[in-house]
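See below for upload_9.cif, which holds mmCIF, N, CA and C atoms.
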data_run
loop_
_atom_site.label_atom_id
_atom_site.label_comp_id
_atom_site.auth_asym_id
_atom_site.auth_seq_id
_atom_site.Cartn_x
_atom_site.Cartn_y
_atom_site.Cartn_z
N MET A 1 0.82 -1.19 0.00
CA MET A 1 0.00 0.00 0.00
C MET A 1 0.86 1.26 0.00
N PHE A 2 1.89 1.26 0.85
CA PHE A 2 2.77 2.43 0.94
C PHE A 2 3.52 2.64 -0.37
N ARG A 3 3.96 1.56 -0.99
CA ARG A 3 4.70 1.65 -2.25
C ARG A 3 3.83 2.27 -3.35
N ALA A 4 2.58 1.86 -3.44
CA ALA A 4 1.66 2.40 -4.45
C ALA A 4 1.40 3.88 -4.20
N THR A 5 1.22 4.27 -2.94
CA THR A 5 0.99 5.67 -2.60
C THR A 5 2.20 6.51 -2.97
N ARG A 6 3.38 6.01 -2.66
CA ARG A 6 4.61 6.73 -2.97
C ARG A 6 4.77 6.87 -4.49
N TRP A 7 4.44 5.82 -5.24
CA TRP A 7 4.54 5.89 -6.69
C TRP A 7 3.57 6.92 -7.27
N ILE A 8 2.35 6.93 -6.77
CA ILE A 8 1.35 7.90 -7.24
C ILE A 8 1.79 9.32 -6.92
N LEU A 9 2.30 9.55 -5.71
CA LEU A 9 2.76 10.88 -5.32
C LEU A 9 3.95 11.32 -6.18
N SER A 10 4.89 10.43 -6.41
CA SER A 10 6.04 10.76 -7.25
C SER A 10 5.61 11.07 -8.68
N SER A 11 4.69 10.31 -9.20
CA SER A 11 4.19 10.54 -10.55
C SER A 11 3.47 11.89 -10.64
N LEU A 12 2.69 12.21 -9.65
CA LEU A 12 1.98 13.48 -9.63
C LEU A 12 2.94 14.66 -9.59
N ILE A 13 3.96 14.58 -8.76
CA ILE A 13 4.96 15.64 -8.67
C ILE A 13 5.71 15.78 -9.98
N THR A 14 6.05 14.67 -10.61
CA THR A 14 6.73 14.71 -11.90
C THR A 14 5.87 15.37 -12.97
N LEU A 15 4.60 15.02 -13.01
CA LEU A 15 3.69 15.62 -13.98
C LEU A 15 3.53 17.13 -13.76
N ILE A 16 3.47 17.55 -12.50
CA ILE A 16 3.37 18.99 -12.20
C ILE A 16 4.64 19.71 -12.65
N ALA A 17 5.80 19.11 -12.40
CA ALA A 17 7.06 19.74 -12.81
C ALA A 17 7.15 19.82 -14.33
N LEU A 18 6.75 18.77 -15.03
CA LEU A 18 6.77 18.80 -16.50
C LEU A 18 5.79 19.83 -17.05
N TYR A 19 4.62 19.93 -16.44
CA TYR A 19 3.66 20.93 -16.87
C TYR A 19 4.25 22.33 -16.72
N ALA A 20 4.86 22.60 -15.58
CA ALA A 20 5.46 23.91 -15.35
C ALA A 20 6.59 24.17 -16.34
N TYR A 21 7.38 23.16 -16.64
CA TYR A 21 8.52 23.33 -17.55
C TYR A 21 8.06 23.69 -18.96
N PHE A 22 7.01 23.05 -19.42
CA PHE A 22 6.58 23.25 -20.81
C PHE A 22 5.50 24.31 -21.00
N PHE A 23 4.69 24.61 -19.99
CA PHE A 23 3.52 25.46 -20.22
C PHE A 23 3.43 26.73 -19.38
N VAL A 24 4.21 26.87 -18.31
CA VAL A 24 4.10 28.05 -17.45
C VAL A 24 5.17 29.06 -17.83
N PRO A 25 4.78 30.26 -18.27
CA PRO A 25 5.77 31.28 -18.62
C PRO A 25 6.55 31.74 -17.39
N ILE A 26 7.85 31.83 -17.56
CA ILE A 26 8.73 32.25 -16.47
C ILE A 26 9.41 33.54 -16.89
N GLY A 27 9.30 34.57 -16.11
CA GLY A 27 10.00 35.82 -16.37
C GLY A 27 9.56 36.49 -17.66
N GLY A 28 8.31 36.51 -17.94
CA GLY A 28 7.83 37.15 -19.16
C GLY A 28 6.88 36.26 -19.93
N THR A 29 7.19 36.08 -21.21
CA THR A 29 6.26 35.34 -22.05
C THR A 29 6.77 33.96 -22.45
N ARG A 30 7.99 33.63 -22.07
CA ARG A 30 8.56 32.34 -22.49
C ARG A 30 8.56 31.34 -21.34
N THR A 31 8.37 30.08 -21.72
CA THR A 31 8.44 28.99 -20.73
C THR A 31 9.89 28.58 -20.57
N LEU A 32 10.15 27.74 -19.57
CA LEU A 32 11.50 27.23 -19.37
C LEU A 32 11.97 26.44 -20.60
N TRP A 33 11.07 25.72 -21.25
CA TRP A 33 11.41 24.96 -22.45
C TRP A 33 11.88 25.90 -23.55
N GLU A 34 11.17 27.01 -23.74
CA GLU A 34 11.56 27.97 -24.78
C GLU A 34 12.90 28.64 -24.45
N HIS A 35 13.12 28.94 -23.17
CA HIS A 35 14.42 29.48 -22.76
C HIS A 35 15.54 28.47 -23.04
N THR A 36 15.29 27.21 -22.71
CA THR A 36 16.29 26.16 -22.93
C THR A 36 16.62 26.03 -24.42
N ARG A 37 15.61 26.03 -25.27
CA ARG A 37 15.84 25.92 -26.71
C ARG A 37 16.65 27.10 -27.24
N ARG A 38 16.36 28.31 -26.76
CA ARG A 38 17.10 29.49 -27.22
C ARG A 38 18.55 29.44 -26.75
N ILE A 39 18.78 29.00 -25.52
CA ILE A 39 20.16 28.91 -25.00
C ILE A 39 20.94 27.86 -25.78
N LEU A 40 20.34 26.69 -26.00
CA LEU A 40 21.04 25.62 -26.70
C LEU A 40 21.21 25.91 -28.19
N GLY A 41 20.52 26.90 -28.72
CA GLY A 41 20.64 27.26 -30.12
C GLY A 41 21.75 28.26 -30.40
N THR A 42 22.47 28.69 -29.36
CA THR A 42 23.53 29.68 -29.56
C THR A 42 24.78 29.03 -30.15
N PRO A 43 25.61 29.80 -30.84
CA PRO A 43 26.86 29.26 -31.39
C PRO A 43 27.78 28.70 -30.30
N GLU A 44 27.78 29.33 -29.14
CA GLU A 44 28.62 28.84 -28.04
C GLU A 44 28.20 27.44 -27.61
N ALA A 45 26.89 27.21 -27.55
CA ALA A 45 26.39 25.88 -27.17
C ALA A 45 26.77 24.84 -28.22
N HIS A 46 26.73 25.22 -29.49
CA HIS A 46 27.13 24.29 -30.55
C HIS A 46 28.62 23.98 -30.46
N ASP A 47 29.45 25.00 -30.15
CA ASP A 47 30.88 24.76 -29.97
C ASP A 47 31.13 23.83 -28.80
N LEU A 48 30.41 24.05 -27.70
CA LEU A 48 30.54 23.17 -26.54
C LEU A 48 30.16 21.75 -26.90
N GLY A 49 29.08 21.58 -27.65
CA GLY A 49 28.66 20.25 -28.07
C GLY A 49 29.71 19.55 -28.91
N GLN A 50 30.35 20.30 -29.82
CA GLN A 50 31.41 19.71 -30.65
C GLN A 50 32.61 19.32 -29.79
N ASP A 51 32.97 20.17 -28.81
CA ASP A 51 34.09 19.85 -27.93
C ASP A 51 33.80 18.61 -27.09
N ILE A 52 32.57 18.50 -26.61
CA ILE A 52 32.19 17.32 -25.81
C ILE A 52 32.22 16.07 -26.67
N ARG A 53 31.74 16.17 -27.91
CA ARG A 53 31.78 15.02 -28.82
C ARG A 53 33.22 14.60 -29.10
N SER A 54 34.10 15.58 -29.33
CA SER A 54 35.50 15.28 -29.60
C SER A 54 36.15 14.60 -28.40
N ALA A 55 35.88 15.11 -27.20
CA ALA A 55 36.44 14.49 -25.99
C ALA A 55 35.89 13.08 -25.82
N GLY A 56 34.61 12.88 -26.09
CA GLY A 56 34.02 11.55 -25.99
C GLY A 56 34.63 10.58 -26.99
N ASP A 57 34.89 11.06 -28.20
CA ASP A 57 35.54 10.22 -29.21
C ASP A 57 36.94 9.83 -28.77
N ASP A 58 37.67 10.79 -28.15
CA ASP A 58 39.01 10.48 -27.66
C ASP A 58 38.97 9.42 -26.57
N VAL A 59 38.01 9.54 -25.66
CA VAL A 59 37.88 8.55 -24.58
C VAL A 59 37.52 7.18 -25.16
N ALA A 60 36.59 7.14 -26.11
CA ALA A 60 36.19 5.87 -26.72
C ALA A 60 37.36 5.22 -27.44
N THR A 61 38.17 6.02 -28.14
CA THR A 61 39.34 5.48 -28.83
C THR A 61 40.33 4.90 -27.83
N LYS A 62 40.57 5.62 -26.74
CA LYS A 62 41.50 5.13 -25.72
C LYS A 62 41.00 3.83 -25.09
N ILE A 63 39.71 3.75 -24.84
CA ILE A 63 39.13 2.53 -24.28
C ILE A 63 39.30 1.37 -25.24
N ARG A 64 39.02 1.62 -26.54
CA ARG A 64 39.17 0.54 -27.53
C ARG A 64 40.61 0.08 -27.65
N ARG A 65 41.57 1.00 -27.55
CA ARG A 65 42.98 0.63 -27.75
C ARG A 65 43.64 0.05 -26.52
N GLU A 66 43.27 0.55 -25.32
CA GLU A 66 44.00 0.16 -24.11
C GLU A 66 43.20 -0.71 -23.15
N VAL A 67 41.99 -0.32 -22.87
CA VAL A 67 41.24 -1.00 -21.81
C VAL A 67 40.69 -2.34 -22.28
N ILE A 68 40.04 -2.36 -23.42
CA ILE A 68 39.42 -3.60 -23.89
C ILE A 68 40.44 -4.70 -24.12
N PRO A 69 41.58 -4.43 -24.78
CA PRO A 69 42.56 -5.51 -24.93
C PRO A 69 43.09 -6.04 -23.60
N SER A 70 43.29 -5.17 -22.61
CA SER A 70 43.79 -5.65 -21.32
C SER A 70 42.73 -6.46 -20.58
N VAL A 71 41.47 -6.08 -20.72
CA VAL A 71 40.40 -6.85 -20.09
C VAL A 71 40.26 -8.20 -20.77
N MET A 72 40.30 -8.20 -22.10
CA MET A 72 40.16 -9.46 -22.83
C MET A 72 41.31 -10.41 -22.54
N SER A 73 42.49 -9.88 -22.31
CA SER A 73 43.61 -10.76 -22.00
C SER A 73 43.49 -11.33 -20.59
N GLY A 74 42.67 -10.72 -19.75
CA GLY A 74 42.46 -11.23 -18.40
C GLY A 74 41.49 -12.39 -18.33
N PHE A 75 40.87 -12.76 -19.45
CA PHE A 75 39.93 -13.87 -19.46
C PHE A 75 40.60 -15.23 -19.61
N ASP A 76 41.90 -15.28 -19.44
CA ASP A 76 42.60 -16.56 -19.56
C ASP A 76 42.66 -17.30 -18.23
N GLY A 77 41.86 -16.90 -17.28
CA GLY A 77 41.81 -17.57 -15.99
C GLY A 77 42.80 -17.02 -15.00
N GLY A 78 43.50 -15.96 -15.32
CA GLY A 78 44.45 -15.37 -14.40
C GLY A 78 45.82 -16.01 -14.46
N HIS A 79 46.02 -16.96 -15.37
CA HIS A 79 47.31 -17.62 -15.49
C HIS A 79 47.90 -17.36 -16.86
N ARG A 80 49.18 -17.16 -16.88
CA ARG A 80 49.89 -17.04 -18.14
C ARG A 80 51.07 -17.98 -18.08
N THR A 81 51.38 -18.57 -19.19
CA THR A 81 52.53 -19.47 -19.19
C THR A 81 53.75 -18.70 -19.70
N ASP A 82 54.83 -18.90 -18.98
CA ASP A 82 56.07 -18.24 -19.35
C ASP A 82 57.16 -19.30 -19.30
N ALA A 83 57.63 -19.70 -20.46
CA ALA A 83 58.67 -20.71 -20.57
C ALA A 83 58.23 -22.02 -19.92
N GLY A 84 56.97 -22.40 -20.13
CA GLY A 84 56.49 -23.68 -19.61
C GLY A 84 56.06 -23.63 -18.16
N ARG A 85 56.16 -22.50 -17.53
CA ARG A 85 55.84 -22.39 -16.11
C ARG A 85 54.62 -21.47 -15.93
N ALA A 86 53.68 -21.87 -15.11
CA ALA A 86 52.49 -21.04 -14.89
C ALA A 86 52.86 -19.86 -13.97
N VAL A 87 52.49 -18.68 -14.42
CA VAL A 87 52.80 -17.47 -13.65
C VAL A 87 51.49 -16.75 -13.40
N ARG A 88 51.27 -16.38 -12.16
CA ARG A 88 50.03 -15.67 -11.77
C ARG A 88 50.13 -14.23 -12.25
N SER A 89 49.12 -13.77 -13.02
CA SER A 89 49.13 -12.39 -13.49
C SER A 89 48.68 -11.46 -12.39
N ARG A 90 49.07 -10.22 -12.48
CA ARG A 90 48.69 -9.22 -11.46
C ARG A 90 47.35 -8.65 -11.76
#
What's the structure tokens form of this structure?
Amino acid sequence: MFRATRWILSSLITLIALYAYFFVPIGGTRTLWEHTRRILGTPEAHDLGQDIRSAGDDVATKIRREVIPSVMSGFDGGHRTDAGRAVRSR
């Protein structure tokens, strides 16, 4: 019973917040949604988006080159053979 009440209350609060975000004018004639769209439409926001994409691509490349191969090499059970002798990997 308590879980259902909490879910209903959370849903109601979320719906009220979404209504305010999209339909209630803040500081004049524009809603928060319209302010957000205007801010994200600026050249500075586009430059920031390109910089974030570039940084994300760099991270993804580093993960593909360094992290994934080291993780995949760890699937050998933790043992590596060196000159016929089993050696525990770190």
Distance in Å - atom C of Val67 (chain A) versus atom C of Ala55 (chain A):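 Between atom C of Val67 (chain A) and atom C of Ala55 (chain A) the gap is 16.5 Å.
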Separation of atom N of Arg38 (chain A) from atom C of Phe22 (chain A) in Å: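 Taking atom C of Phe22 (chain A) and atom N of Arg38 (chain A), their separation equals 12.9 Å.
Taking chain A and asking which residues DSSP calls strand (DSSP E) on the backbone, you get His79, Arg80, Thr81, Asp82, Arg85, Ala86, Val87 and Arg88 of chain A.
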Could you turn the residues from that selection into a file that holds N, CA and C atoms, as a compact mmCIF listing (two decimals), keeping the file's coordinate frame?
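Listing of part.txt after writing:
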# COMPACT_ATOMS: atom_id res chain seq x y z
N HIS A 79 46.02 -16.96 -15.37
CA HIS A 79 47.31 -17.62 -15.49
C HIS A 79 47.90 -17.36 -16.86
N ARG A 80 49.18 -17.16 -16.88
CA ARG A 80 49.89 -17.04 -18.14
C ARG A 80 51.07 -17.98 -18.08
N THR A 81 51.38 -18.57 -19.19
CA THR A 81 52.53 -19.47 -19.19
C THR A 81 53.75 -18.70 -19.70
N ASP A 82 54.83 -18.90 -18.98
CA ASP A 82 56.07 -18.24 -19.35
C ASP A 82 57.16 -19.30 -19.30
N ARG A 85 56.16 -22.50 -17.53
CA ARG A 85 55.84 -22.39 -16.11
C ARG A 85 54.62 -21.47 -15.93
N ALA A 86 53.68 -21.87 -15.11
CA ALA A 86 52.49 -21.04 -14.89
C ALA A 86 52.86 -19.86 -13.97
N VAL A 87 52.49 -18.68 -14.42
CA VAL A 87 52.80 -17.47 -13.65
C VAL A 87 51.49 -16.75 -13.40
N ARG A 88 51.27 -16.38 -12.16
CA ARG A 88 50.03 -15.67 -11.77
C ARG A 88 50.13 -14.23 -12.25
Atomic separation - atom N of Leu32 (chain A) relative to atom N of Asp51 (chain A), Å: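 These atoms are spaced 25.8 Å apart.
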Spatial neighbours of Tyr21 (chain A), 8 Å, only C-alpha atoms, chain gap at least 2 places, as a list in words: Ala17, Leu18, Tyr19, Phe23, Val24, Thr31, Leu32 and Trp33 of chain A
Chain A: residues DSSP assigns to alpha helix (DSSP H), reported as a VMD selection string: chain A and resid 2 to 23 32 to 40 43 to 62 68 to 73
